[in-house]
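Below is one structure; the comments refer to it alone.
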Amino acid sequence: MIPAHAVDAVATAHALAVQLLEPLYDAITFVMMAFHDLFKNLGFNPAGGLAWGGSIVGLVIVIRIILIPLFVKQINAQRGLQILQPEIKKIQTKYKGKTDPESRQKQQQEMMKLYKDNGTNPLASCLPIILQAPIFFALFHILNGIGKNPPQGKGFMTNADAKQAADALIFGAHISDKFIGADSLHVQIVCAILIVLMSATTFTTQKQLMSKNMPADAMNNPFAQQQKILLYVFPLVFAVSGVNFPIGVLLYWLTTNVWSMGQQFYVIRRNPSPGSPAAEALERRKAAKAARHHAPDGSVQGAAGDGTTTAVDPTPPRPTGQRQQPKRTKKPRGPRPAADPAPASDDPPASQP
């Protein structure tokens, strides 16, 4: 028999959790109802799955836009940890085998100083997941309320809205249905497909980060080995726990995974880690772009990018300075005529003294 004080403690903890999640209920249902009204005004059936499923997708978009600065910090933190792995390994080797409290404290101080001097933090790589966890649990409770009989609304979602959402169908299944306890094989198939897609996108996102944005020398350190283990652990956890998630939660997590995959692809392509395969691919694209800009015959592509070329005169231009006056052209001269002889005189020449 469970002691009474243990039951009271569990009830108190549950009431505290509900009280802490209450503001999130308001925020989540406000965004969902706003998108639901938007789809209704666009002509979608307000009781249909497109309107309610679209409201969940809209919720994901709003949350992920808010988390973009934290996502950038996560990428920078992961990159910083990869670059610092040789230094971290040196500190760990320095204090290897030393179990006294003083050595442990010094090792911790050196590690914190290394993180501080390089502007990185191991916790920053987990911030987006940590901050999404309360939203995930709040949405889980909201969808569970929709699945109750009768449906119960929370926050800005009234009981009538919850009843309408409970009757909405997504791929032929209600958004509050789960794989466990489903009343038809069709619902289980829909849940299974969403679970597989959710696990596959989780795996692809992590695989993309490790295969394209990690330098070759960083793949053999303990941090990389831990990431390789998590590469397979996370999808497995999602696959096992997904059978207890409502379809609306599966849709939420699948959408956020697709967003993460696309956002990460953009960041890795535009700003990869130095020495990674993505960085080498970026340099090759830059070289190819420069080669296309300068044609083989010495002509230069037009600035407008319309494919036109302009011939380049290899003769260097004459220096510009004072305006040069035109030179007068001289006409060729013929033979000079001989002088006329002096006329003969009849007088005798004068005698010299």
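Labels for the structure tokens follow display order: chains A, B, ..., residues from 1 in each chain, ligands from 1.
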Region 170-180 of chain A: which residues within 9 Å, counting only C-alpha atoms, same-chain residues fewer than 6 positions away excluded, as a list in words?
Gly48, Gly49, Leu50, Trp52, Gly53, Leu143, Asn144, Gly145, Ile146, Gly147, Lys148, His186, Val187, Gln188, Ile189, Val190, Cys191, Ala192, Gly242, Val243, Asn244, Phe245, Pro246, Ile247, Gly248, Val249 and Leu251 of chain A
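The list of residues with at least one atom within 10 Å of Leu282 (chain A), based on only C-alpha atoms and without residues fewer than 5 positions apart in the same chain, reads Ile268, Arg269, Arg270, Asn271, Pro272, Ser276, Pro277, Ala287 and Ala288 of chain A.
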Interatomic distance, CA of Met112 (chain A) to CA of Leu70 (chain A) (Å, one decimal)
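For CA of Met112 (chain A) relative to CA of Leu70 (chain A), the distance reads 20.8 Å.
Across A:Ala290, A:Ile195, A:Ala27, A:Met261, the tightest approach to Phe238 (chain A) is made by A:Ile195 when counting only C-alpha atoms.
The smallest atom-to-atom distance between Gly58 (chain A) and any of A:Gln264, A:Thr256, A:Thr99, A:Gln208, using only C-alpha atoms, is found for A:Thr256.
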Taking the DSSP assignment computed from this structure's backbone, write out as a short mmCIF file (atom, residue, chain, number, x, y, z; two decimals) with all heavy atoms, in the first residue's frame all residues of region 131-212 of chain A that belong to helix (DSSP H, G or I).
```
data_model
loop_
_atom_site.label_atom_id
_atom_site.label_comp_id
_atom_site.auth_asym_id
_atom_site.auth_seq_id
_atom_site.Cartn_x
_atom_site.Cartn_y
_atom_site.Cartn_z
N LEU A 131 14.48 24.18 -24.32
CA LEU A 131 13.42 25.19 -24.28
C LEU A 131 12.15 24.70 -24.98
O LEU A 131 11.07 25.20 -24.68
CB LEU A 131 13.92 26.48 -24.94
CG LEU A 131 15.02 27.22 -24.17
CD1 LEU A 131 15.44 28.48 -24.91
CD2 LEU A 131 14.56 27.58 -22.76
N GLN A 132 12.28 23.75 -25.90
CA GLN A 132 11.09 23.22 -26.56
C GLN A 132 10.38 22.17 -25.70
O GLN A 132 9.21 21.86 -25.96
CB GLN A 132 11.46 22.58 -27.91
CG GLN A 132 11.66 23.59 -29.02
CD GLN A 132 11.73 22.90 -30.37
OE1 GLN A 132 10.73 22.75 -31.07
NE2 GLN A 132 12.92 22.46 -30.73
N ALA A 133 11.07 21.61 -24.72
CA ALA A 133 10.48 20.54 -23.91
C ALA A 133 9.20 20.99 -23.20
O ALA A 133 8.19 20.27 -23.26
CB ALA A 133 11.51 20.00 -22.92
N PRO A 134 9.17 22.16 -22.51
CA PRO A 134 7.91 22.57 -21.88
C PRO A 134 6.78 22.78 -22.89
O PRO A 134 5.62 22.43 -22.60
CB PRO A 134 8.26 23.88 -21.17
CG PRO A 134 9.74 23.84 -20.99
CD PRO A 134 10.26 23.10 -22.18
N ILE A 135 7.12 23.32 -24.06
CA ILE A 135 6.09 23.52 -25.10
C ILE A 135 5.56 22.17 -25.57
O ILE A 135 4.36 21.99 -25.78
CB ILE A 135 6.69 24.32 -26.28
CG1 ILE A 135 7.18 25.69 -25.79
CG2 ILE A 135 5.68 24.49 -27.39
CD1 ILE A 135 7.94 26.47 -26.83
N PHE A 136 6.47 21.20 -25.69
CA PHE A 136 6.07 19.87 -26.10
C PHE A 136 5.10 19.25 -25.10
O PHE A 136 4.07 18.70 -25.48
CB PHE A 136 7.33 19.00 -26.25
CG PHE A 136 7.07 17.56 -26.53
CD1 PHE A 136 6.74 17.15 -27.81
CD2 PHE A 136 7.15 16.62 -25.53
CE1 PHE A 136 6.50 15.82 -28.08
CE2 PHE A 136 6.91 15.29 -25.79
CZ PHE A 136 6.59 14.88 -27.08
N PHE A 137 5.43 19.34 -23.82
CA PHE A 137 4.56 18.76 -22.80
C PHE A 137 3.22 19.50 -22.71
O PHE A 137 2.18 18.88 -22.50
CB PHE A 137 5.26 18.77 -21.45
CG PHE A 137 6.36 17.74 -21.32
CD1 PHE A 137 7.67 18.13 -21.15
CD2 PHE A 137 6.07 16.39 -21.41
CE1 PHE A 137 8.68 17.19 -21.04
CE2 PHE A 137 7.07 15.44 -21.31
CZ PHE A 137 8.38 15.83 -21.12
N ALA A 138 3.26 20.84 -22.87
CA ALA A 138 2.01 21.59 -22.83
C ALA A 138 1.10 21.20 -23.99
O ALA A 138 -0.11 21.00 -23.82
CB ALA A 138 2.31 23.09 -22.86
N LEU A 139 1.68 21.06 -25.20
CA LEU A 139 0.89 20.63 -26.35
C LEU A 139 0.37 19.22 -26.14
O LEU A 139 -0.77 18.90 -26.53
CB LEU A 139 1.75 20.71 -27.62
CG LEU A 139 1.06 20.29 -28.93
CD1 LEU A 139 -0.10 21.21 -29.25
CD2 LEU A 139 2.06 20.27 -30.08
N PHE A 140 1.18 18.38 -25.52
CA PHE A 140 0.75 17.00 -25.22
C PHE A 140 -0.50 17.01 -24.34
O PHE A 140 -1.46 16.28 -24.59
CB PHE A 140 1.90 16.25 -24.54
CG PHE A 140 1.62 14.81 -24.27
CD1 PHE A 140 1.84 13.85 -25.24
CD2 PHE A 140 1.14 14.40 -23.04
CE1 PHE A 140 1.58 12.51 -25.00
CE2 PHE A 140 0.87 13.06 -22.78
CZ PHE A 140 1.09 12.11 -23.77
N HIS A 141 -0.50 17.86 -23.31
CA HIS A 141 -1.66 17.94 -22.41
C HIS A 141 -2.88 18.53 -23.12
O HIS A 141 -4.02 18.10 -22.88
CB HIS A 141 -1.31 18.77 -21.17
CG HIS A 141 -0.46 18.03 -20.18
ND1 HIS A 141 -0.96 17.01 -19.39
CD2 HIS A 141 0.84 18.15 -19.84
CE1 HIS A 141 0.00 16.55 -18.60
NE2 HIS A 141 1.10 17.22 -18.86
N ILE A 142 -2.65 19.51 -24.00
CA ILE A 142 -3.77 20.12 -24.74
C ILE A 142 -4.43 19.07 -25.63
O ILE A 142 -5.66 18.95 -25.67
CB ILE A 142 -3.27 21.32 -25.56
CG1 ILE A 142 -2.87 22.47 -24.62
CG2 ILE A 142 -4.36 21.80 -26.53
CD1 ILE A 142 -2.18 23.62 -25.33
N LEU A 143 -3.63 18.29 -26.35
CA LEU A 143 -4.19 17.27 -27.24
C LEU A 143 -4.81 16.12 -26.45
O LEU A 143 -5.78 15.51 -26.91
CB LEU A 143 -3.10 16.75 -28.18
CG LEU A 143 -2.56 17.78 -29.18
CD1 LEU A 143 -1.44 17.19 -30.01
CD2 LEU A 143 -3.67 18.28 -30.09
N ASN A 144 -4.25 15.84 -25.27
CA ASN A 144 -4.89 14.83 -24.42
C ASN A 144 -6.26 15.30 -23.95
O ASN A 144 -7.21 14.50 -23.84
CB ASN A 144 -4.01 14.51 -23.22
CG ASN A 144 -2.99 13.43 -23.52
OD1 ASN A 144 -3.12 12.71 -24.50
ND2 ASN A 144 -1.98 13.31 -22.69
N GLY A 145 -6.38 16.61 -23.67
CA GLY A 145 -7.68 17.16 -23.30
C GLY A 145 -8.67 17.07 -24.43
O GLY A 145 -9.87 16.81 -24.21
N ILE A 146 -8.18 17.25 -25.68
CA ILE A 146 -9.07 17.10 -26.84
C ILE A 146 -9.54 15.65 -26.96
O ILE A 146 -10.69 15.39 -27.35
CB ILE A 146 -8.33 17.55 -28.12
CG1 ILE A 146 -8.05 19.06 -28.07
CG2 ILE A 146 -9.14 17.21 -29.37
CD1 ILE A 146 -7.22 19.56 -29.23
N GLY A 147 -8.68 14.70 -26.60
CA GLY A 147 -9.03 13.30 -26.74
C GLY A 147 -9.91 12.75 -25.63
O GLY A 147 -10.35 11.59 -25.72
N ASN A 159 -14.28 24.55 -24.82
CA ASN A 159 -14.71 23.16 -24.95
C ASN A 159 -15.34 22.88 -26.31
O ASN A 159 -15.18 21.78 -26.86
CB ASN A 159 -15.69 22.81 -23.83
CG ASN A 159 -15.03 22.77 -22.46
OD1 ASN A 159 -13.81 22.60 -22.36
ND2 ASN A 159 -15.82 22.92 -21.41
N ALA A 160 -16.03 23.89 -26.87
CA ALA A 160 -16.62 23.72 -28.20
C ALA A 160 -15.52 23.59 -29.26
O ALA A 160 -15.63 22.78 -30.19
CB ALA A 160 -17.55 24.89 -28.52
N ASP A 161 -14.47 24.41 -29.12
CA ASP A 161 -13.33 24.29 -30.05
C ASP A 161 -12.66 22.93 -29.90
O ASP A 161 -12.25 22.31 -30.91
CB ASP A 161 -12.31 25.40 -29.79
CG ASP A 161 -12.86 26.78 -30.08
OD1 ASP A 161 -13.71 26.90 -30.99
OD2 ASP A 161 -12.44 27.75 -29.40
N ALA A 162 -12.52 22.46 -28.66
CA ALA A 162 -11.91 21.15 -28.43
C ALA A 162 -12.75 20.03 -29.05
O ALA A 162 -12.20 19.07 -29.62
CB ALA A 162 -11.73 20.91 -26.94
N LYS A 163 -14.07 20.16 -28.96
CA LYS A 163 -14.95 19.16 -29.57
C LYS A 163 -14.80 19.18 -31.10
O LYS A 163 -14.75 18.11 -31.74
CB LYS A 163 -16.40 19.47 -29.20
CG LYS A 163 -17.44 18.55 -29.84
CD LYS A 163 -17.29 17.11 -29.36
CE LYS A 163 -18.47 16.24 -29.79
NZ LYS A 163 -18.60 16.17 -31.25
N GLN A 164 -14.71 20.36 -31.68
CA GLN A 164 -14.53 20.46 -33.13
C GLN A 164 -13.18 19.88 -33.55
O GLN A 164 -13.08 19.19 -34.57
CB GLN A 164 -14.62 21.94 -33.55
CG GLN A 164 -14.66 22.15 -35.05
CD GLN A 164 -14.69 23.62 -35.40
OE1 GLN A 164 -13.71 24.34 -35.22
NE2 GLN A 164 -15.84 24.07 -35.89
N ALA A 165 -12.13 20.17 -32.77
CA ALA A 165 -10.81 19.63 -33.08
C ALA A 165 -10.79 18.11 -32.93
O ALA A 165 -10.11 17.41 -33.70
CB ALA A 165 -9.75 20.26 -32.17
N ALA A 166 -11.51 17.59 -31.94
CA ALA A 166 -11.55 16.14 -31.73
C ALA A 166 -12.19 15.42 -32.89
O ALA A 166 -11.82 14.28 -33.21
CB ALA A 166 -12.28 15.82 -30.43
N ASP A 167 -13.13 16.06 -33.56
CA ASP A 167 -13.82 15.44 -34.70
C ASP A 167 -13.07 15.64 -36.02
O ASP A 167 -13.46 15.03 -37.03
CB ASP A 167 -15.24 16.01 -34.83
CG ASP A 167 -16.10 15.64 -33.63
OD1 ASP A 167 -15.81 14.62 -32.98
OD2 ASP A 167 -17.06 16.40 -33.33
N LEU A 185 -7.15 -0.31 -37.62
CA LEU A 185 -5.84 -0.52 -38.22
C LEU A 185 -5.39 0.70 -39.01
O LEU A 185 -4.18 1.01 -39.06
CB LEU A 185 -5.89 -1.76 -39.13
CG LEU A 185 -4.59 -2.12 -39.87
CD1 LEU A 185 -3.50 -2.45 -38.88
CD2 LEU A 185 -4.85 -3.28 -40.83
N HIS A 186 -6.33 1.41 -39.61
CA HIS A 186 -5.98 2.61 -40.38
C HIS A 186 -5.30 3.65 -39.49
O HIS A 186 -4.30 4.26 -39.90
CB HIS A 186 -7.24 3.20 -41.02
CG HIS A 186 -6.99 4.47 -41.76
ND1 HIS A 186 -6.44 4.50 -43.02
CD2 HIS A 186 -7.20 5.78 -41.41
CE1 HIS A 186 -6.34 5.75 -43.42
NE2 HIS A 186 -6.79 6.55 -42.46
N VAL A 187 -5.81 3.86 -38.29
CA VAL A 187 -5.20 4.83 -37.37
C VAL A 187 -3.79 4.39 -37.00
O VAL A 187 -2.85 5.20 -36.96
CB VAL A 187 -6.07 4.99 -36.10
CG1 VAL A 187 -5.37 5.85 -35.07
CG2 VAL A 187 -7.42 5.59 -36.46
N GLN A 188 -3.59 3.09 -36.76
CA GLN A 188 -2.26 2.59 -36.42
C GLN A 188 -1.29 2.76 -37.58
O GLN A 188 -0.11 3.08 -37.37
CB GLN A 188 -2.35 1.12 -36.01
CG GLN A 188 -3.06 0.90 -34.68
CD GLN A 188 -3.07 -0.56 -34.28
OE1 GLN A 188 -3.08 -1.46 -35.14
NE2 GLN A 188 -3.10 -0.83 -32.98
N ILE A 189 -1.78 2.59 -38.81
CA ILE A 189 -0.91 2.78 -39.98
C ILE A 189 -0.49 4.24 -40.10
O ILE A 189 0.69 4.55 -40.36
CB ILE A 189 -1.62 2.30 -41.26
CG1 ILE A 189 -1.79 0.78 -41.23
CG2 ILE A 189 -0.84 2.73 -42.50
CD1 ILE A 189 -2.59 0.23 -42.40
N VAL A 190 -1.46 5.16 -39.91
CA VAL A 190 -1.13 6.59 -39.96
C VAL A 190 -0.11 6.95 -38.88
O VAL A 190 0.88 7.65 -39.14
CB VAL A 190 -2.41 7.44 -39.82
CG1 VAL A 190 -2.05 8.92 -39.68
CG2 VAL A 190 -3.32 7.23 -41.02
N CYS A 191 -0.33 6.46 -37.67
CA CYS A 191 0.61 6.73 -36.57
C CYS A 191 1.99 6.14 -36.87
O CYS A 191 3.01 6.78 -36.63
CB CYS A 191 0.07 6.14 -35.27
SG CYS A 191 -1.38 6.98 -34.59
N ALA A 192 2.02 4.92 -37.41
CA ALA A 192 3.30 4.27 -37.72
C ALA A 192 4.08 5.05 -38.78
O ALA A 192 5.30 5.23 -38.67
CB ALA A 192 3.06 2.83 -38.18
N ILE A 193 3.38 5.53 -39.81
CA ILE A 193 4.05 6.32 -40.85
C ILE A 193 4.63 7.60 -40.27
O ILE A 193 5.78 7.97 -40.55
CB ILE A 193 3.07 6.63 -41.99
CG1 ILE A 193 2.70 5.34 -42.73
CG2 ILE A 193 3.67 7.64 -42.96
CD1 ILE A 193 1.63 5.53 -43.79
N LEU A 194 3.86 8.29 -39.43
CA LEU A 194 4.36 9.52 -38.82
C LEU A 194 5.53 9.23 -37.89
O LEU A 194 6.49 10.02 -37.83
CB LEU A 194 3.23 10.22 -38.06
CG LEU A 194 2.12 10.83 -38.92
CD1 LEU A 194 1.01 11.40 -38.03
CD2 LEU A 194 2.67 11.92 -39.82
N ILE A 195 5.49 8.13 -37.15
CA ILE A 195 6.60 7.77 -36.25
C ILE A 195 7.87 7.48 -37.05
O ILE A 195 8.96 7.92 -36.70
CB ILE A 195 6.21 6.55 -35.38
CG1 ILE A 195 5.12 6.96 -34.39
CG2 ILE A 195 7.42 6.01 -34.65
CD1 ILE A 195 4.53 5.78 -33.63
N VAL A 196 7.72 6.75 -38.16
CA VAL A 196 8.88 6.44 -39.00
C VAL A 196 9.47 7.73 -39.59
O VAL A 196 10.70 7.92 -39.60
CB VAL A 196 8.49 5.45 -40.12
CG1 VAL A 196 9.62 5.32 -41.15
CG2 VAL A 196 8.17 4.09 -39.53
N LEU A 197 8.61 8.61 -40.10
CA LEU A 197 9.10 9.87 -40.65
C LEU A 197 9.75 10.73 -39.58
O LEU A 197 10.78 11.38 -39.83
CB LEU A 197 7.93 10.63 -41.31
CG LEU A 197 7.35 10.01 -42.58
CD1 LEU A 197 6.15 10.82 -43.05
CD2 LEU A 197 8.41 9.93 -43.67
N MET A 198 9.19 10.76 -38.39
CA MET A 198 9.76 11.53 -37.30
C MET A 198 11.15 11.01 -36.93
O MET A 198 12.11 11.78 -36.76
CB MET A 198 8.83 11.50 -36.08
CG MET A 198 9.32 12.27 -34.89
SD MET A 198 8.17 12.18 -33.49
CE MET A 198 8.26 10.41 -33.11
N SER A 199 11.30 9.69 -36.83
CA SER A 199 12.59 9.10 -36.50
C SER A 199 13.59 9.29 -37.63
O SER A 199 14.78 9.57 -37.39
CB SER A 199 12.42 7.60 -36.20
OG SER A 199 11.51 7.39 -35.13
N ALA A 200 13.13 9.17 -38.89
CA ALA A 200 14.04 9.31 -40.03
C ALA A 200 14.56 10.74 -40.15
O ALA A 200 15.75 10.96 -40.42
CB ALA A 200 13.31 8.91 -41.32
N THR A 201 13.70 11.73 -39.94
CA THR A 201 14.16 13.12 -40.02
C THR A 201 15.09 13.45 -38.86
O THR A 201 16.03 14.24 -39.02
CB THR A 201 12.96 14.07 -40.02
OG1 THR A 201 12.07 13.74 -38.93
CG2 THR A 201 12.19 14.00 -41.32
N THR A 202 14.87 12.86 -37.69
CA THR A 202 15.80 13.06 -36.57
C THR A 202 17.17 12.50 -36.92
O THR A 202 18.20 13.15 -36.69
CB THR A 202 15.26 12.38 -35.30
OG1 THR A 202 13.98 12.90 -34.98
CG2 THR A 202 16.20 12.60 -34.13
N PHE A 203 17.21 11.29 -37.48
CA PHE A 203 18.47 10.67 -37.88
C PHE A 203 19.17 11.49 -38.97
O PHE A 203 20.38 11.73 -38.91
CB PHE A 203 18.21 9.25 -38.36
CG PHE A 203 19.43 8.54 -38.87
CD1 PHE A 203 20.28 7.89 -38.00
CD2 PHE A 203 19.72 8.51 -40.23
CE1 PHE A 203 21.41 7.23 -38.46
CE2 PHE A 203 20.84 7.86 -40.71
CZ PHE A 203 21.69 7.22 -39.82
N THR A 204 18.41 11.93 -39.97
CA THR A 204 18.99 12.66 -41.10
C THR A 204 19.58 13.99 -40.64
O THR A 204 20.67 14.39 -41.10
CB THR A 204 17.93 12.91 -42.18
OG1 THR A 204 17.36 11.66 -42.58
CG2 THR A 204 18.53 13.60 -43.39
N THR A 205 18.90 14.67 -39.74
CA THR A 205 19.40 15.95 -39.26
C THR A 205 20.73 15.79 -38.53
O THR A 205 21.69 16.55 -38.75
CB THR A 205 18.36 16.60 -38.31
OG1 THR A 205 17.13 16.76 -39.01
CG2 THR A 205 18.84 17.95 -37.83
N GLN A 206 20.81 14.79 -37.65
CA GLN A 206 22.05 14.56 -36.91
C GLN A 206 23.15 14.04 -37.83
O GLN A 206 24.33 14.43 -37.69
CB GLN A 206 21.79 13.57 -35.77
CG GLN A 206 22.96 13.38 -34.82
CD GLN A 206 23.25 14.62 -34.00
OE1 GLN A 206 22.42 15.52 -33.91
NE2 GLN A 206 24.44 14.68 -33.44
N LYS A 207 22.80 13.18 -38.78
CA LYS A 207 23.78 12.65 -39.71
C LYS A 207 24.34 13.75 -40.59
O LYS A 207 25.55 13.77 -40.91
CB LYS A 207 23.12 11.57 -40.58
CG LYS A 207 24.05 10.90 -41.57
CD LYS A 207 25.08 10.05 -40.89
CE LYS A 207 25.91 9.28 -41.90
NZ LYS A 207 26.99 8.48 -41.27
N GLN A 208 23.51 14.68 -41.01
CA GLN A 208 23.95 15.81 -41.83
C GLN A 208 24.98 16.64 -41.10
O GLN A 208 25.98 17.07 -41.67
CB GLN A 208 22.73 16.66 -42.19
CG GLN A 208 23.04 17.90 -43.00
CD GLN A 208 21.79 18.70 -43.31
OE1 GLN A 208 21.41 18.86 -44.46
NE2 GLN A 208 21.11 19.18 -42.28
N LEU A 209 24.76 16.85 -39.79
CA LEU A 209 25.69 17.64 -38.99
C LEU A 209 27.04 16.96 -38.87
O LEU A 209 28.09 17.60 -38.96
CB LEU A 209 25.09 17.90 -37.61
CG LEU A 209 25.95 18.69 -36.62
CD1 LEU A 209 26.17 20.10 -37.13
CD2 LEU A 209 25.29 18.72 -35.25
N MET A 210 27.04 15.64 -38.68
CA MET A 210 28.28 14.93 -38.44
C MET A 210 29.06 14.67 -39.73
O MET A 210 30.29 14.76 -39.75
CB MET A 210 27.99 13.59 -37.75
CG MET A 210 27.41 13.73 -36.35
SD MET A 210 27.23 12.13 -35.54
CE MET A 210 28.93 11.58 -35.50
N SER A 211 28.38 14.36 -40.80
CA SER A 211 29.07 13.99 -42.03
C SER A 211 29.54 15.18 -42.85
O SER A 211 30.50 15.06 -43.61
CB SER A 211 28.16 13.12 -42.90
OG SER A 211 27.00 13.84 -43.28
N LYS A 212 28.90 16.32 -42.70
CA LYS A 212 29.24 17.48 -43.53
C LYS A 212 29.89 18.62 -42.77
O LYS A 212 30.60 19.42 -43.38
CB LYS A 212 27.97 18.01 -44.22
CG LYS A 212 27.37 17.05 -45.23
CD LYS A 212 26.20 17.69 -45.94
CE LYS A 212 25.61 16.75 -46.99
NZ LYS A 212 24.48 17.38 -47.71
#
```
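The space separating CA of Tyr115 (chain A) from CA of Ala77 (chain A) comes to 9.8 Å.
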For a quick check of understanding, using only C-alpha atoms, which of A:Leu24, A:Ala281, A:Met111, A:Ile66 has the smallest distance to Lys89 (chain A)?
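Closest residue, counting only C-alpha atoms: A:Met111.
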